Structure formats: structure tokens, C-alpha cells
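See below for the structure under consideration.
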Amino acid sequence: MPLALLALAIGAFGIGTTEFVIMGLLPEVASDFGVTIPTAGLLVTGYAIGVVVGAPLMTVLGTRISRKRMLMLLMVLFTVGNLFSALAPNFGAMLVGRIVASLAHGAFFGIGSVVAAELVAPEKKAGAIATMFTGLTVANIVGVPLGTFVGQSVGWRATFAVVAALGVVGLLGIAKLVPDLPRPEGAHLRRELAAFRNVQVVLAMAMTVLGFGGVFAAITYIAPMMTDVAGFSAGAVPWLLVLLGVGMFLGNLLGGRFADRRLMPMLFTTLGGLALALALFTVTAHNEITAAVTLLVIGALGFATVPPLQKRVLDQAHGAPTLASAVNIGAFNLGNALAAWLGGAVISAGFGATAPNWVGAALAGSALLLAFLSAGLERREAATPAAVPAPALNH
């Protein structure tokens with residue numbers, strides 16, 4: 001494994017920690033600022049929207065500098081945003097800090113995915129992308145539970161201060177280990193934008209929005225669901241997040257491994273299984289053991305979709321992958337924002353703490369339908385004979 005992939009994984013670890021740790025700290029943050037749980041959920045939605053906006057914006061701004069330098073600048077932005085959150089005097093200020101940190105997220109994973117794929121042989125691209133995303137999944141095993149524990153024990157501000165320190169570590173790792181790869185010949189914004197004319201690129205991004213959004217519908221409100229419905233104590237939430245992280249870690253590795261072999265069948269399996277697991281979670285959430293097992297399965301199936309979805313975009317946007325890759329990371333977070341908002345809406349409407357699971361099942365099921373549509377269009381295109389030029393007339 002190239003050491004550069006380790007550096008990218010370190011940066012992903014810090015970003016993954018700040019993205020997911022807020023879910024375990026929603027009750028503490030809501031209590032400290034005197035807001036409701038659905039209102040505190042805006043910290044998830046706001047972060048996700050920031051990723052959606054920041055992914056193309058930061059990528060376009062970085063087109064004139066090397067990818068390594070841009071990755072370093074993104075880690076600086078990430079660090080500043082988390083430090084601002086740690087010092088926020090009110091809820092609005094914390095939301096601003098979350099959005100500032102989120103602006104680095106999409107471009108980091110988008111540019112990082114392209115760099116990771118360029119460092120290995122073509123048949124190992126999905127595996128290399130999965131290796132970078134391992135930092136994100138390990139964050140859910142170590143960073144998020146530890147951050148939740150620190151937040152519950154010392155205060156949530158300490159958690160975000162630690163996350164800011166992780167940003168500094170990620171910056172140093174990139175500076176030391178990532179090679180300064182030359183910008184590809186002929187790379188320019190117009191060519192990158194042309195990739196979005198490909199209907200398969202658009203379909204892949206739509207699958208990303210709906211598929212991974214289904215996961216976030218459930219896990220955004222995992223703390224109140226596990227304590228109020230399943231009957232766990234607040235102290236058990238960090239360990240449940242460890243379990244979720246283990247599922248994500250395993251799913252990410254399996255997704256990367258099998259996506260290099262049979263990408264679309266992998267998506268059919270994971271999206272279908274995810275829709276079923278989320279639907280069952282409305283029932284299994286009422287028992288501690290079944291809730292914990294289902295949480296593990298949702299984490300595994302959810303993250304098993306990440307490498308194949310990211311590789312699908314890179315394959316379809318061949319020749320101009322950087323912006324499309326970054327925007328697809330934004331698509332993950334657009335799904336997160338949509339799901340977090342819908343999940344909060346059904347809770348506020350009085351449908352109960354498990355209602356977000358039905359939202360998630362519907363989103364994942366919709367993504368599965370798009371996957372079948374995409375595969376059908378691809379088969380139709382492959383079966384269509386190429387146009388044969390008419391023979392020249394002899395005069």
C-alpha cells in the first residue's frame with residue numbers, strides 16, 4: 001500500500017470524526033444551548049449542506065494548484081471550522097463553525113479519491129478508494145465513540161477541540177507523505193463540467209443521494225432512539241457507535257473488494273439489503289439485542305455502497321473525474337441533509353422516534369430502483385450497434 005493512502009486515511013479519520021460525532025452529542029448540545037433535539041439536528045443538516053456547496057466550490061478554486069497543496073489547504077479550513085465550533089458562544093455560532101469545517105469535506109474526499117486511484121493499477125482503483133475511506137470508518141470505531149465519551153464526560157466543546165487537533169495531524173501527514181502529482185494535461189473547468197452531461201454520471205449521483213441518505217435517516221437520531229426506545233442508558237451510546245463503526249469498517253472493505261470485480265451486482269445487493277434492514281429497524285429497535293445487531297448490519301450495508309458508488313462516478317466521468325468525484329461526495333451529504341431533515345420532520349410530526357427508519361427504507365429502495373434503471377440503460381447502449389459510416393462514392 002502506498003504511504004500516500006495512509007496519509008489520506010489520516011485526513012479522512014479527522015473528517016469522519018467531526019461528521020459523525022455530533023450524533024452522539026445531540027442531547028448534550030441541545031441541553032447546553034436550550035434547543036430541541038430536532039433543532040440540534042440542524043447541526044447535521046447544516047454540515048451536510050456545507051459539503052454539498054463546498055465540494056464543487058473548493059474543487060473549482062483548486063483547479064490552478066496542485067492536488068497536494070489543495071488537500072493541505074482543505075485541512076487548514078477543516079481545523080479552523082472545528083476550533084470555531086469548540087469556542088461557539090451560542091447555537092448559531094456553532095452552526096457556522098460546522099459549516100466552515102464542512103466546506104473542506106467534499107473536496108477532500110473528491111480530490112483524495114482521484115489521487116488514490118492514480119496511485120494504483122486500474123484493477124485496484126476501488127480498493128484504493130476504500131483504503132482512503134477506511135480512515136472514515138475507523139473514525140466511527142475509535143474517533144466517534146471516544147469523542148462522544150469525552151463530550152459526555154468533560155463537555156462537547158472538548159470534543160471539537162480534539163477534532164481540531166486531529167486536523168493538524170492530518171495536515172502534517174499529507175505534507176509528509178502525499179506526492180506532489182502533476183496536474184493532468186488538458187485539465188480545465190469546461191472539460192470537468194462536460195462530465196455532467198453523461199446521464200450515467202447523474203444517475204450514479206442520484207443513487208448516492210438516496211442510498212446513503214437512507215443510512216443517515218436512521219443514525220442521525222440514533223442517540224434518542226437507542227435510549228428512549230431500545231432502553232439503553234446514555235453511557236451505552238458510545239459503545240453502540242463503536243458497533244456501528246465496526247459495521248461501516250467491514251462494509252467499506254467488502255464494498256471495495258467486490259466493486260473491483262462486479263460493481264453493479266454489488267450495488268443491487270447492498271441497496272436492497274439496506275432498504276430491508278432499515279424497514280426492520282422500526283421493529284428491532286424495541287429490543288436491546290436486536291437493535292444492536294440491526295445497527296451493525298445497517299453500518300455494514302451502508303458503507304458497502306461507498307466504494308462502488310464513488311468508482312461508478314469515476315468510471316463514467318473518465319477523462320475529467322476530479323469535479324465529478326468531489327460533487328459525488330457532496331451527493332452523499334445532500335442525502336444526509338435530506339434524510340436528517342426528513343427524520344426530524346417525522347419525529348416532530350408525532351410519528352415516534354423510530355419513524356426515521358421508514359424514511360431511510362424508502363430512500364434506499366428508491367436508490368435500488370435507480371440502480372436497475374442505470375444498468376438497463378447501460379445494457380441498451382451496449383446492444384445498440386455503432387453507426388457505420390456510409391461508403392464514399394466513386395466519381
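We name chains A, B, ... following the order of the C-alpha cells; residues begin at 1 in each chain, and ligands are numbered from 1 as shown.
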- prompt: Which polymer residues have any atom within 8 Å of an atom of A:Asp180, counting only C-alpha atoms, with same-chain residues fewer than 2 positions away left out, as a list in words?
  reply: Ser66, Arg67, Lys68, Arg69, Val178 and Pro182 of chain A
Just to be explicit: take each residue in the selection above, keep N, CA, C and O atoms, and write the result as a CSV table (one decimal), in the first residue's frame.
chain,number,residue,atom,x,y,z
A,66,SER,N,-1.7,22.5,-7.3
A,66,SER,CA,-1.5,21.0,-7.3
A,66,SER,C,-2.5,20.4,-6.3
A,66,SER,O,-3.0,21.0,-5.4
A,67,ARG,N,-2.8,19.1,-6.5
A,67,ARG,CA,-3.8,18.4,-5.7
A,67,ARG,C,-3.3,18.3,-4.2
A,67,ARG,O,-4.0,18.4,-3.3
A,68,LYS,N,-2.0,18.1,-4.1
A,68,LYS,CA,-1.4,18.0,-2.7
A,68,LYS,C,-1.6,19.3,-2.0
A,68,LYS,O,-2.0,19.3,-0.8
A,69,ARG,N,-1.3,20.4,-2.6
A,69,ARG,CA,-1.4,21.7,-1.9
A,69,ARG,C,-2.9,22.0,-1.6
A,69,ARG,O,-3.2,22.5,-0.5
A,178,VAL,N,2.1,12.5,1.0
A,178,VAL,CA,1.4,12.6,-0.3
A,178,VAL,C,2.3,13.2,-1.4
A,178,VAL,O,2.9,14.3,-1.2
A,182,PRO,N,1.7,15.8,-10.7
A,182,PRO,CA,1.5,16.9,-11.7
A,182,PRO,C,0.0,16.9,-12.1
A,182,PRO,O,-0.7,15.9,-12.1
Nearby residues (only C-alpha atoms) at most 10 Å from stretch 152-157 of chain A, same-chain spacing under 3 positions excluded, as an NGL selection string: :A and (21-22 or 24-29 or 32 or 82-88 or 146-149 or 160-163 or 234-235 or 238)
Using the selection just defined, write its residues with N, CA and C atoms as an mmCIF file, in the first residue's frame.
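Saved result, selection01.cif, follows:
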data_model
loop_
_atom_site.group_PDB
_atom_site.id
_atom_site.type_symbol
_atom_site.label_atom_id
_atom_site.label_comp_id
_atom_site.auth_asym_id
_atom_site.auth_seq_id
_atom_site.Cartn_x
_atom_site.Cartn_y
_atom_site.Cartn_z
ATOM 1 N N VAL A 21 -19.518 12.520 15.042
ATOM 2 C CA VAL A 21 -19.528 12.596 16.499
ATOM 3 C C VAL A 21 -20.699 13.420 17.022
ATOM 4 N N ILE A 22 -21.184 14.360 16.233
ATOM 5 C CA ILE A 22 -22.283 15.216 16.673
ATOM 6 C C ILE A 22 -23.535 14.400 16.975
ATOM 7 N N GLY A 24 -23.861 11.542 18.490
ATOM 8 C CA GLY A 24 -23.866 11.038 19.857
ATOM 9 C C GLY A 24 -23.949 12.136 20.895
ATOM 10 N N LEU A 25 -23.767 13.389 20.465
ATOM 11 C CA LEU A 25 -23.754 14.515 21.404
ATOM 12 C C LEU A 25 -24.958 15.437 21.238
ATOM 13 N N LEU A 26 -25.922 15.060 20.395
ATOM 14 C CA LEU A 26 -27.088 15.919 20.188
ATOM 15 C C LEU A 26 -27.805 16.269 21.493
ATOM 16 N N PRO A 27 -28.047 15.310 22.399
ATOM 17 C CA PRO A 27 -28.730 15.681 23.644
ATOM 18 C C PRO A 27 -27.951 16.707 24.467
ATOM 19 N N GLU A 28 -26.616 16.545 24.546
ATOM 20 C CA GLU A 28 -25.799 17.474 25.329
ATOM 21 C C GLU A 28 -25.789 18.870 24.707
ATOM 22 N N VAL A 29 -25.631 18.933 23.401
ATOM 23 C CA VAL A 29 -25.604 20.226 22.716
ATOM 24 C C VAL A 29 -26.971 20.909 22.824
ATOM 25 N N ASP A 32 -27.381 22.271 26.352
ATOM 26 C CA ASP A 32 -26.497 23.403 26.638
ATOM 27 C C ASP A 32 -27.012 24.693 26.006
ATOM 28 N N ASN A 82 -13.564 23.594 13.077
ATOM 29 C CA ASN A 82 -13.792 22.838 14.305
ATOM 30 C C ASN A 82 -13.388 23.628 15.544
ATOM 31 N N LEU A 83 -12.331 24.422 15.425
ATOM 32 C CA LEU A 83 -11.932 25.266 16.544
ATOM 33 C C LEU A 83 -13.012 26.315 16.823
ATOM 34 N N PHE A 84 -13.614 26.847 15.786
ATOM 35 C CA PHE A 84 -14.693 27.820 15.937
ATOM 36 C C PHE A 84 -15.890 27.174 16.638
ATOM 37 N N SER A 85 -16.212 25.917 16.284
ATOM 38 C CA SER A 85 -17.310 25.199 16.940
ATOM 39 C C SER A 85 -17.026 25.003 18.422
ATOM 40 N N ALA A 86 -15.783 24.677 18.751
ATOM 41 C CA ALA A 86 -15.418 24.441 20.151
ATOM 42 C C ALA A 86 -15.591 25.695 20.994
ATOM 43 N N LEU A 87 -15.418 26.862 20.397
ATOM 44 C CA LEU A 87 -15.485 28.124 21.137
ATOM 45 C C LEU A 87 -16.818 28.843 20.949
ATOM 46 N N ALA A 88 -17.781 28.245 20.263
ATOM 47 C CA ALA A 88 -19.037 28.913 19.911
ATOM 48 C C ALA A 88 -19.804 29.371 21.153
ATOM 49 N N LEU A 146 -14.990 7.696 21.141
ATOM 50 C CA LEU A 146 -14.132 8.387 22.101
ATOM 51 C C LEU A 146 -14.556 9.851 22.227
ATOM 52 N N GLY A 147 -14.874 10.479 21.091
ATOM 53 C CA GLY A 147 -15.337 11.856 21.136
ATOM 54 C C GLY A 147 -16.650 11.993 21.875
ATOM 55 N N THR A 148 -17.544 11.007 21.713
ATOM 56 C CA THR A 148 -18.816 11.023 22.440
ATOM 57 C C THR A 148 -18.577 10.866 23.933
ATOM 58 N N PHE A 149 -17.668 9.973 24.304
ATOM 59 C CA PHE A 149 -17.339 9.767 25.716
ATOM 60 C C PHE A 149 -16.757 11.038 26.329
ATOM 61 N N PHE A 160 -14.701 18.919 20.211
ATOM 62 C CA PHE A 160 -14.380 19.639 18.985
ATOM 63 C C PHE A 160 -12.979 20.240 19.018
ATOM 64 N N ALA A 161 -12.469 20.511 20.213
ATOM 65 C CA ALA A 161 -11.078 20.959 20.320
ATOM 66 C C ALA A 161 -10.130 19.825 19.917
ATOM 67 N N VAL A 162 -10.457 18.609 20.347
ATOM 68 C CA VAL A 162 -9.645 17.447 19.978
ATOM 69 C C VAL A 162 -9.717 17.204 18.476
ATOM 70 N N VAL A 163 -10.904 17.372 17.894
ATOM 71 C CA VAL A 163 -11.065 17.191 16.458
ATOM 72 C C VAL A 163 -10.214 18.206 15.690
ATOM 73 N N ALA A 234 -27.619 6.266 28.552
ATOM 74 C CA ALA A 234 -26.847 7.236 27.780
ATOM 75 C C ALA A 234 -25.383 6.822 27.690
ATOM 76 N N GLY A 235 -24.871 6.161 28.725
ATOM 77 C CA GLY A 235 -23.485 5.709 28.729
ATOM 78 C C GLY A 235 -23.209 4.608 27.722
ATOM 79 N N PRO A 238 -21.861 5.532 23.317
ATOM 80 C CA PRO A 238 -20.544 5.412 22.662
ATOM 81 C C PRO A 238 -20.233 4.007 22.187
#
Kindly assemble as JSON lines a list of the stretch 329-352 of chain A residues that lie within 12 Å of stretch 309-315 of chain A, each paired with its nearest atom pair and their distance in Å to one decimal, using only C-alpha atoms, sorted first by chain and then by ascending residue number.
{"residue": "A:Ile329", "atom": "CA", "partner": "A:Gln310", "partner_atom": "CA", "distance": 8.0}
{"residue": "A:Gly330", "atom": "CA", "partner": "A:Gln310", "partner_atom": "CA", "distance": 11.3}
{"residue": "A:Ala331", "atom": "CA", "partner": "A:Gln310", "partner_atom": "CA", "distance": 10.4}
{"residue": "A:Phe332", "atom": "CA", "partner": "A:Leu309", "partner_atom": "CA", "distance": 9.7}
The selected residues should be written to file as a PDB file, in the first residue's frame (atoms: all heavy atoms).
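Output file result_17.pdb is given in full below:
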ATOM      1  N   ILE A 329     -19.185  13.284  -3.612  1.00  0.00           N
ATOM      2  CA  ILE A 329     -19.075  13.346  -2.151  1.00  0.00           C
ATOM      3  C   ILE A 329     -20.125  14.318  -1.618  1.00  0.00           C
ATOM      4  O   ILE A 329     -20.753  14.071  -0.574  1.00  0.00           O
ATOM      5  CB  ILE A 329     -17.662  13.806  -1.730  1.00  0.00           C
ATOM      6  CG1 ILE A 329     -16.621  12.795  -2.211  1.00  0.00           C
ATOM      7  CG2 ILE A 329     -17.579  13.964  -0.226  1.00  0.00           C
ATOM      8  CD1 ILE A 329     -16.773  11.400  -1.637  1.00  0.00           C
ATOM      9  N   GLY A 330     -20.335  15.415  -2.336  1.00  0.00           N
ATOM     10  CA  GLY A 330     -21.407  16.319  -1.962  1.00  0.00           C
ATOM     11  C   GLY A 330     -22.762  15.636  -2.037  1.00  0.00           C
ATOM     12  O   GLY A 330     -23.657  15.908  -1.229  1.00  0.00           O
ATOM     13  N   ALA A 331     -22.916  14.732  -3.002  1.00  0.00           N
ATOM     14  CA  ALA A 331     -24.176  14.000  -3.137  1.00  0.00           C
ATOM     15  C   ALA A 331     -24.422  13.106  -1.920  1.00  0.00           C
ATOM     16  O   ALA A 331     -25.565  12.973  -1.472  1.00  0.00           O
ATOM     17  CB  ALA A 331     -24.153  13.160  -4.418  1.00  0.00           C
ATOM     18  N   PHE A 332     -23.367  12.479  -1.393  1.00  0.00           N
ATOM     19  CA  PHE A 332     -23.520  11.715  -0.157  1.00  0.00           C
ATOM     20  C   PHE A 332     -24.125  12.599   0.922  1.00  0.00           C
ATOM     21  O   PHE A 332     -25.045  12.210   1.644  1.00  0.00           O
ATOM     22  CB  PHE A 332     -22.158  11.193   0.330  1.00  0.00           C
ATOM     23  CG  PHE A 332     -21.690   9.942  -0.355  1.00  0.00           C
ATOM     24  CD1 PHE A 332     -20.641   9.972  -1.272  1.00  0.00           C
ATOM     25  CD2 PHE A 332     -22.277   8.714  -0.084  1.00  0.00           C
ATOM     26  CE1 PHE A 332     -20.200   8.822  -1.901  1.00  0.00           C
ATOM     27  CE2 PHE A 332     -21.840   7.557  -0.698  1.00  0.00           C
ATOM     28  CZ  PHE A 332     -20.800   7.604  -1.616  1.00  0.00           C
TER      29      PHE A 332
END
Applying 6 Å and only C-alpha atoms, which residues near stretch 252-264 of chain A remain after dropping the ones on its own chain fewer than 2 positions away? List them as a PDB file with N, CA, C and O atoms, in the first residue's frame.
ATOM      1  N   ALA A 126     -10.923   0.722  -6.952  1.00  0.00           N
ATOM      2  CA  ALA A 126     -11.946   0.723  -5.909  1.00  0.00           C
ATOM      3  C   ALA A 126     -11.342   0.356  -4.561  1.00  0.00           C
ATOM      4  O   ALA A 126     -11.721   0.908  -3.522  1.00  0.00           O
ATOM      5  N   GLY A 127     -10.384  -0.569  -4.570  1.00  0.00           N
ATOM      6  CA  GLY A 127      -9.708  -0.933  -3.329  1.00  0.00           C
ATOM      7  C   GLY A 127      -8.914   0.214  -2.745  1.00  0.00           C
ATOM      8  O   GLY A 127      -8.876   0.411  -1.525  1.00  0.00           O
ATOM      9  N   ALA A 130     -11.321   2.595  -1.232  1.00  0.00           N
ATOM     10  CA  ALA A 130     -11.787   2.028   0.031  1.00  0.00           C
ATOM     11  C   ALA A 130     -10.746   2.206   1.132  1.00  0.00           C
ATOM     12  O   ALA A 130     -11.092   2.436   2.296  1.00  0.00           O
ATOM     13  N   MET A 248     -19.461  -0.325   9.587  1.00  0.00           N
ATOM     14  CA  MET A 248     -19.008   0.537   8.493  1.00  0.00           C
ATOM     15  C   MET A 248     -17.643   0.109   7.974  1.00  0.00           C
ATOM     16  O   MET A 248     -17.400   0.081   6.761  1.00  0.00           O
ATOM     17  N   PHE A 249     -16.730  -0.229   8.893  1.00  0.00           N
ATOM     18  CA  PHE A 249     -15.380  -0.652   8.519  1.00  0.00           C
ATOM     19  C   PHE A 249     -15.424  -1.911   7.659  1.00  0.00           C
ATOM     20  O   PHE A 249     -14.808  -1.979   6.593  1.00  0.00           O
ATOM     21  N   LEU A 250     -16.177  -2.906   8.112  1.00  0.00           N
ATOM     22  CA  LEU A 250     -16.267  -4.166   7.369  1.00  0.00           C
ATOM     23  C   LEU A 250     -16.966  -3.966   6.027  1.00  0.00           C
ATOM     24  O   LEU A 250     -16.532  -4.490   4.996  1.00  0.00           O
ATOM     25  N   MET A 266     -22.964  -5.704  -6.980  1.00  0.00           N
ATOM     26  CA  MET A 266     -22.667  -5.312  -5.605  1.00  0.00           C
ATOM     27  C   MET A 266     -23.643  -4.237  -5.136  1.00  0.00           C
ATOM     28  O   MET A 266     -24.139  -4.277  -4.007  1.00  0.00           O
ATOM     29  N   LEU A 267     -23.939  -3.279  -6.003  1.00  0.00           N
ATOM     30  CA  LEU A 267     -24.883  -2.221  -5.639  1.00  0.00           C
ATOM     31  C   LEU A 267     -26.295  -2.769  -5.465  1.00  0.00           C
ATOM     32  O   LEU A 267     -27.009  -2.368  -4.543  1.00  0.00           O
ATOM     33  N   PHE A 303     -22.055   1.422   4.245  1.00  0.00           N
ATOM     34  CA  PHE A 303     -20.720   1.774   3.769  1.00  0.00           C
ATOM     35  C   PHE A 303     -20.228   0.841   2.677  1.00  0.00           C
ATOM     36  O   PHE A 303     -19.268   1.169   1.977  1.00  0.00           O
ATOM     37  N   ALA A 304     -20.870  -0.307   2.493  1.00  0.00           N
ATOM     38  CA  ALA A 304     -20.515  -1.164   1.361  1.00  0.00           C
ATOM     39  C   ALA A 304     -20.911  -0.517   0.042  1.00  0.00           C
ATOM     40  O   ALA A 304     -20.422  -0.912  -1.027  1.00  0.00           O
ATOM     41  N   PRO A 307     -17.569   2.649  -1.829  1.00  0.00           N
ATOM     42  CA  PRO A 307     -16.585   2.465  -2.912  1.00  0.00           C
ATOM     43  C   PRO A 307     -17.204   2.224  -4.282  1.00  0.00           C
ATOM     44  O   PRO A 307     -16.746   2.824  -5.270  1.00  0.00           O
ATOM     45  N   PRO A 308     -18.245   1.373  -4.405  1.00  0.00           N
ATOM     46  CA  PRO A 308     -18.795   1.181  -5.746  1.00  0.00           C
ATOM     47  C   PRO A 308     -19.470   2.430  -6.310  1.00  0.00           C
ATOM     48  O   PRO A 308     -19.366   2.695  -7.513  1.00  0.00           O
TER      49      PRO A 308
END
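Comparing the minimum interatomic distances between A:Gly151 and each of A:Val237, A:Gly46, A:Gly251, A:Gly34, counting only C-alpha atoms, we find that A:Val237 sits nearest.
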task: Using only C-alpha atoms, determine which residues lie at most 9 Å from A:Val100, disregarding the query and same-chain residues fewer than 2 positions distant; provide the list as a PyMOL selection string.
output: chain A and resi 47+50+77-78+80-82+84+95-98+102-104
field: Distance in Å - atom CA of A:Gly273 versus atom CA of A:Ile298
entry: 8.7 Å
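Proximity to stretch 361-369 of chain A at 7 Å, evaluated using only C-alpha atoms and with sequence-adjacent residues fewer than 4 positions away removed, yields Met207, Leu210, Gly211, Gly213, Gly214, Phe268, Leu271, Gly272, Leu274, Ala275, Leu276, Leu278, Ala279, Asn357 and Leu373 of chain A.
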